[in-house]
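S.K.: Structure below; questions to follow.
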Protein chains: 2
Amino acid sequence: MEYTTTKRADKARVIAQAALDQFTRRGFVSASLENIAAAAGIGKSTIYEYFRNKEELFVAAVQEAFERWLNDIREICAQTADPIERLERIADEFLECQEYPAQSIQRFNFEILMQTITEGGVFNTRKHFIREVHQKFIRAIADILLTGVSRGQLKPEIARDADKISITFLSFLDGMALTSLFAEDYIDISRQVAFFMQNLAPLLRSGQAEGTDPVPPSIQKDNLNASS
Amino acid sequence: MEYTTTKRADKARVIAQAALDQFTRRGFVSASLENIAAAAGIGKSTIYEYFRNKEELFVAAVQEAFERWLNDIREICAQTADPIERLERIADEFLECQEYPAQSIQRFNFEILMQTITEGGVFNTRKHFIREVHQKFIRAIADILLTGVSRGQLKPEIARDADKISITFLSFLDGMALTSLFAEDYIDISRQVAFFMQNLAPLLRSGQAEGTDPVPPSIQKDNLNASS
DNA sequence: CAAAACACCGACTGATGGGTCGGAAAAAAT
DNA sequence: ATTTTTTCCGACCCATCAGTCGGTGTTTTG
C-alpha cells in the first residue's frame, strides 16, 4: 500500500514553495523554519513530517526552482524557431521575470551559488549537482546554436565555438541578473540586453533560412535528480 | 589630543583584514566574531574596542576590498597604454587573482552583493553605497574606452556606446567570476576571457594608433567614503 | 614611582533558531 | 463505535553567537 498519496506530495510542495520564497527573501541562514512554517500556514514541527531537516528543505526548493527554469527554456523553444530570437526570449525571461514575484528568482539563483561556493554552505558538498545543472544549461544554449547552424540560420563556424558562445552568453546573463538586482534604476536592463544581442547577432547569423525546427534534443524532458 | 594613533589604526586594519578573510570564507552570517578574533589572534571583546558592532566591521572589510580593487585597476592603467590590453589585464586580474588567497575576492564580492540585495542583509540599507562604487567601476572602464577613442585607437562610434559597452564588459566579468567559483575544472576561464576579448576587439579597434596616454581621469585617486 | 589612561580579555547574558518529543486532533480501517 | 494510523503542533532542549561587564595587565604621564 502506498503511503505517498498525491495529497502528501502536494503538501510537501506547498511547504517547498513557502521555503523557496523565504530562502529567496532572507537567504538560507537567515530564513528560519519558523518563518517558513508561518508562511506555509502550519506549525514548525510539521515541516519535519515532510523534510528531514533544513538542508533537505533547501534542496527541495532548489529543485522546484530548476524545474521552473528548464521548463521556461523548453517553452520558449517550442514557441519560436529562430535561434537569435530564442536567445533573446531566454534573456528576457531570466532578466525580467514578470511571472514570479519581484526579481526573486535571481536572488535565489545567487543564494544557491553562494551556498555552493561558501565553505560550510549547505550546497558546498553538492558542487557536482550545480555543475550538472550548469552543464545542462550550457548544452541547452549550445543546442539552440547547433540547431541554428544545421538549419543554415547561423554561420557554420559557429558549430565549432558553440560551447564557448553558450558560456559567454550565460555568463553575461548571470552578470546582468546580478546587476539588475541593485542597479535597476540607473541601468536600463532590457536596453543592455538588446545592445548585447544586437552585437552578437551579426557574429552568428548567416544569410539564409529554412523550414521549421523542433525543440533541440538536450532540453527534452529529462528529470534532474539530486545526489551526494 | 589625538587618541587615534597610527598604531591604533594599524590594529584596526589587521582586524578588518581578518574579518575580510572570514567573511569571505564563511559569509557574513556564518562568520562569528569568535572566528574573526581567533584569526586576528586576539580576544573577541577586543574587537569591540575598534568597531561598534559586526555590521561596522563588515563595512570596514568592504572598504578594504574596494580599495584594493580600484588600486588594481589604477596600476594596470599605469602599466599599459593600449585600451584592449587594459581590458584584458583587468579581466585577468579579476578572474585569476593569484595575489590574494584562493579566489576569495570573488566570493567576497558576491557576499557583499548578497548582503545588499537580500531583505534584512547588513548592506540592504546601503544600496546607494554599492551603486556608487559600481558606477565608479563603470566610469573607470568607460574612460579607458573614451581615452582609446580620443587617441584614435578605437573607432569613434565607440564613444557613443561607451557606457553600454562598459556595463556589458563588467556584467560578463561578474558572470565569469561567479562561474569560475564552481566550474573551474570543466571550463577554462582564461580561454573564455580570451574568446570574449577576441570577439570584442574587432568591434572596438580602429586601424591607427598614437603616442602614450595617461591613467584616465575618473580612476585617479579619490577616496571612497561610506554613508547612510 | 604612583596615578591615570588605555588595551585587552574571560566569563557572563539574552535571544534566536534548529531539532526533538509526547500527545492531541483528525482520518481511515475494522 | 472503537481501534489504528496519520497528521499536526506546543513546549521543550541545547547550541550558537552578538554584545556587555568587570577586572587585570600594560603603557603613559607627571
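Every chain in the C-alpha cells has a letter given in the order shown (A, B, ...), and although residue numbers restart at 1 in each chain, ligands are simply numbered from 1 in the order shown.
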Give me the residues near B:Arg131 as a ChimeraX atom specification, where near means some atom within 7 Å (using only C-alpha atoms (C1' of nucleotides)) and where sequence neighbours in that chain fewer than 4 positions away do not count.

M.R.: /A:183 /B:127,135

S.K.: Residues of chain C within 9 Å of chain B, counting only C-alpha atoms (C1' of nucleotides), what are they? List them as a VMD selection string.

M.R.: chain C and resid 7 to 10

S.K.: Residues of chain A no more than 6 Å from chain B, counting only C-alpha atoms: send them over as number ranges by chain.

M.R.: A: 25-26, 118-119, 171-172, 174-176

S.K.: Quick one: write out the picked residues with C-alpha atoms as a short mmCIF file (atom, residue, chain, number, x, y, z; two decimals), in the first residue's frame?

M.R.:
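As written to disk, result.cif reads:
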```cif
data_model
loop_
_atom_site.label_atom_id
_atom_site.label_comp_id
_atom_site.auth_asym_id
_atom_site.auth_seq_id
_atom_site.Cartn_x
_atom_site.Cartn_y
_atom_site.Cartn_z
CA ARG A 25 13.93 36.80 0.55
CA ARG A 26 16.21 36.25 3.53
CA THR A 118 30.97 29.03 0.50
CA GLU A 119 32.94 26.83 2.84
CA SER A 171 27.90 34.48 -18.01
CA PHE A 172 26.61 37.71 -19.42
CA ASP A 174 24.30 35.95 -14.81
CA GLY A 175 26.19 39.19 -14.54
CA MET A 176 23.28 41.22 -15.85
#
```

S.K.: Just need the residues of chain D within 12 Å of chain A, counting only C-alpha atoms (C1' of nucleotides), so spit them out as a list in words.

M.R.: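 Residues of chain D within 12 Å of chain A, counting only C-alpha atoms (C1' of nucleotides): DT5, DT6, DT7, DC8, DC9, DG10 and DA11 of chain D.
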
S.K.: For the selection just defined, write its residues with C-alpha atoms (C1' of nucleotides) to a file, as a PDB file, in the first residue's frame.

M.R.:
```
ATOM      1  C1'  DT D   5      -2.895   5.024  11.604  1.00  0.00           C
ATOM      2  C1'  DT D   6      -1.685   9.555  10.100  1.00  0.00           C
ATOM      3  C1'  DT D   7      -1.280  14.487  10.565  1.00  0.00           C
ATOM      4  C1'  DC D   8      -0.344  18.108  13.210  1.00  0.00           C
ATOM      5  C1'  DC D   9       1.837  21.138  16.728  1.00  0.00           C
ATOM      6  C1'  DG D  10       3.041  23.436  21.502  1.00  0.00           C
ATOM      7  C1'  DA D  11       6.545  23.066  24.596  1.00  0.00           C
TER       8       DA D  11
END
```

S.K.: Would you pick out the contacts of C:DA29 at 10 Å or less, using only C-alpha atoms (C1' of nucleotides), so that residues sharing its chain but fewer than 2 positions from it are not included, and give the list as a PyMOL selection string?

M.R.: (chain C and resi 27) or (chain D and resi 3-5)

S.K.: How about saving the chosen residues, C-alpha atoms (C1' of nucleotides) kept, as a compact mmCIF listing (two decimals), in the first residue's frame?

M.R.:
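So result_15.txt came out as:
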```
# COMPACT_ATOMS: atom_id res chain seq x y z
C1' DA C 27 -8.97 10.21 9.15
C1' DT D 3 -9.14 0.79 17.24
C1' DT D 4 -5.28 2.13 14.47
C1' DT D 5 -2.90 5.02 11.60
```

S.K.: In Å to one decimal, how far is atom CA of B:Val14 from atom CA of B:Gly41?

M.R.: 9.8 Å

S.K.: Pick out each residue of chain B that DSSP on the backbone tags as alpha helix (DSSP H); I need them as a VMD selection string.

M.R.: chain B and resid 6 to 26 33 to 40 44 to 50 54 to 79 83 to 96 104 to 117 127 to 150 162 to 183 189 to 204

S.K.: Can you spit out the residues from that selection as a short mmCIF file (atom, residue, chain, number, x, y, z; two decimals), in the first residue's frame, using C-alpha atoms?

M.R.:
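Resulting contents of selection.cif:
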```cif
data_model
loop_
_atom_site.label_atom_id
_atom_site.label_comp_id
_atom_site.auth_asym_id
_atom_site.auth_seq_id
_atom_site.Cartn_x
_atom_site.Cartn_y
_atom_site.Cartn_z
CA THR B 6 48.91 55.22 13.88
CA LYS B 7 49.28 52.08 15.92
CA ARG B 8 45.59 52.05 16.70
CA ALA B 9 44.64 52.47 13.05
CA ASP B 10 47.04 49.70 12.11
CA LYS B 11 45.50 47.30 14.57
CA ALA B 12 42.03 48.14 13.32
CA ARG B 13 43.26 47.32 9.86
CA VAL B 14 44.62 43.95 10.98
CA ILE B 15 41.24 43.11 12.46
CA ALA B 16 39.46 44.28 9.32
CA GLN B 17 41.67 42.02 7.23
CA ALA B 18 41.00 39.03 9.43
CA ALA B 19 37.32 39.87 9.16
CA LEU B 20 37.59 40.14 5.39
CA ASP B 21 39.12 36.71 5.32
CA GLN B 22 36.44 35.14 7.49
CA PHE B 23 33.50 36.88 5.80
CA THR B 24 34.95 35.69 2.53
CA ARG B 25 35.22 32.11 3.64
CA ARG B 26 32.02 31.67 5.61
CA LEU B 33 33.20 37.23 15.88
CA GLU B 34 34.91 34.44 17.76
CA ASN B 35 36.34 33.13 14.49
CA ILE B 36 37.44 36.55 13.46
CA ALA B 37 39.04 37.29 16.80
CA ALA B 38 40.86 33.97 16.71
CA ALA B 39 42.05 34.66 13.17
CA ALA B 40 43.34 38.05 14.26
CA LYS B 44 36.54 38.56 20.99
CA SER B 45 35.82 41.54 23.20
CA THR B 46 38.85 43.36 21.87
CA ILE B 47 37.11 43.73 18.55
CA TYR B 48 34.60 46.00 20.24
CA GLU B 49 37.42 48.34 21.17
CA TYR B 50 37.82 49.05 17.47
CA LYS B 54 29.55 43.27 13.47
CA GLU B 55 28.00 45.44 10.83
CA GLU B 56 30.58 48.17 11.14
CA LEU B 57 33.28 45.55 10.92
CA PHE B 58 31.75 44.32 7.71
CA VAL B 59 31.74 47.83 6.30
CA ALA B 60 35.42 48.13 7.13
CA ALA B 61 36.12 44.86 5.35
CA VAL B 62 34.18 46.03 2.32
CA GLN B 63 36.18 49.23 2.13
CA GLU B 64 39.37 47.29 2.49
CA ALA B 65 38.37 45.20 -0.50
CA PHE B 66 37.22 48.07 -2.72
CA GLU B 67 40.37 49.96 -2.02
CA ARG B 68 42.35 47.02 -3.35
CA TRP B 69 40.27 46.63 -6.50
CA LEU B 70 40.41 50.24 -7.53
CA ASN B 71 44.13 50.19 -6.88
CA ASP B 72 44.49 47.19 -9.15
CA ILE B 73 42.75 48.98 -11.99
CA ARG B 74 44.82 52.10 -11.48
CA GLU B 75 48.00 50.11 -11.54
CA ILE B 76 47.05 48.26 -14.70
CA CYS B 77 46.28 51.53 -16.43
CA ALA B 78 49.61 52.87 -15.36
CA GLN B 79 51.37 49.88 -16.87
CA PRO B 83 42.82 50.06 -24.23
CA ILE B 84 42.16 46.49 -25.31
CA GLU B 85 45.18 45.30 -23.41
CA ARG B 86 43.98 47.21 -20.38
CA LEU B 87 40.63 45.47 -20.51
CA GLU B 88 42.34 42.14 -20.95
CA ARG B 89 44.57 42.73 -17.97
CA ILE B 90 41.66 43.88 -15.85
CA ALA B 91 39.71 40.79 -16.78
CA ASP B 92 42.66 38.57 -15.95
CA GLU B 93 43.23 40.33 -12.68
CA PHE B 94 39.64 39.90 -11.57
CA LEU B 95 39.34 36.33 -12.68
CA GLU B 96 42.67 34.83 -11.83
CA SER B 104 38.38 34.60 -2.29
CA ILE B 105 37.90 38.06 -3.69
CA GLN B 106 35.11 36.92 -5.95
CA ARG B 107 33.36 35.23 -3.11
CA PHE B 108 33.54 38.34 -1.05
CA ASN B 109 32.28 40.41 -3.93
CA PHE B 110 29.21 38.21 -4.08
CA GLU B 111 28.82 38.19 -0.35
CA ILE B 112 28.65 41.97 -0.46
CA LEU B 113 26.09 41.89 -3.22
CA MET B 114 24.01 39.29 -1.43
CA GLN B 115 24.01 41.42 1.69
CA THR B 116 22.92 44.34 -0.44
CA ILE B 117 20.08 42.69 -2.29
CA LYS B 127 22.37 50.11 -1.65
CA HIS B 128 23.46 53.58 -2.68
CA PHE B 129 26.98 52.86 -1.49
CA ILE B 130 27.19 49.82 -3.73
CA ARG B 131 25.65 51.76 -6.56
CA GLU B 132 28.25 54.49 -6.21
CA VAL B 133 31.08 52.01 -6.28
CA HIS B 134 29.52 50.21 -9.22
CA GLN B 135 29.19 53.45 -11.13
CA LYS B 136 32.79 54.23 -10.32
CA PHE B 137 33.76 50.97 -11.96
CA ILE B 138 31.61 51.65 -14.99
CA ARG B 139 33.21 55.06 -15.34
CA ALA B 140 36.67 53.55 -15.00
CA ILE B 141 36.02 51.19 -17.90
CA ALA B 142 34.23 53.83 -19.94
CA ASP B 143 37.17 56.16 -19.50
CA ILE B 144 39.51 53.55 -20.81
CA LEU B 145 37.32 53.34 -23.89
CA LEU B 146 36.99 57.10 -24.31
CA THR B 147 40.69 57.62 -23.91
CA GLY B 148 41.19 54.97 -26.55
CA VAL B 149 38.81 56.78 -28.87
CA SER B 150 40.41 60.17 -28.34
CA ALA B 162 30.99 53.62 -24.03
CA ASP B 163 28.66 53.13 -21.07
CA LYS B 164 26.76 50.27 -22.61
CA ILE B 165 29.97 48.53 -23.53
CA SER B 166 31.37 49.03 -20.06
CA ILE B 167 28.29 47.60 -18.44
CA THR B 168 28.36 44.65 -20.79
CA PHE B 169 32.02 44.08 -20.08
CA LEU B 170 31.54 44.24 -16.33
CA SER B 171 28.48 42.02 -16.41
CA PHE B 172 30.40 39.45 -18.36
CA LEU B 173 33.22 39.65 -15.84
CA ASP B 174 30.82 39.23 -12.93
CA GLY B 175 29.18 36.27 -14.56
CA MET B 176 32.51 34.66 -15.41
CA ALA B 177 33.75 35.26 -11.89
CA LEU B 178 30.71 33.54 -10.50
CA THR B 179 31.10 30.68 -12.92
CA SER B 180 34.76 30.30 -12.12
CA LEU B 181 33.93 29.64 -8.49
CA PHE B 182 32.31 26.33 -9.18
CA ALA B 183 33.12 25.43 -12.77
CA ILE B 189 38.27 30.56 -17.68
CA SER B 190 41.18 32.28 -19.37
CA ARG B 191 40.24 30.72 -22.71
CA GLN B 192 36.74 32.05 -22.24
CA VAL B 193 38.02 35.52 -21.49
CA ALA B 194 40.35 35.35 -24.46
CA PHE B 195 37.44 34.30 -26.64
CA PHE B 196 35.30 37.15 -25.42
CA MET B 197 38.02 39.74 -25.91
CA GLN B 198 38.88 38.29 -29.29
CA ASN B 199 35.34 38.94 -30.46
CA LEU B 200 35.10 42.27 -28.73
CA ALA B 201 38.37 43.71 -30.00
CA PRO B 202 37.48 43.99 -33.73
CA LEU B 203 34.24 45.71 -32.78
CA LEU B 204 36.20 48.38 -30.95
#
```

S.K.: So which residues touch D:DC21 within 10 Å, counting only C-alpha atoms (C1' of nucleotides), skipping near sequence neighbours fewer than 2 positions away, as a PyMOL selection string?

M.R.: (chain C and resi 11-12) or (chain D and resi 23)
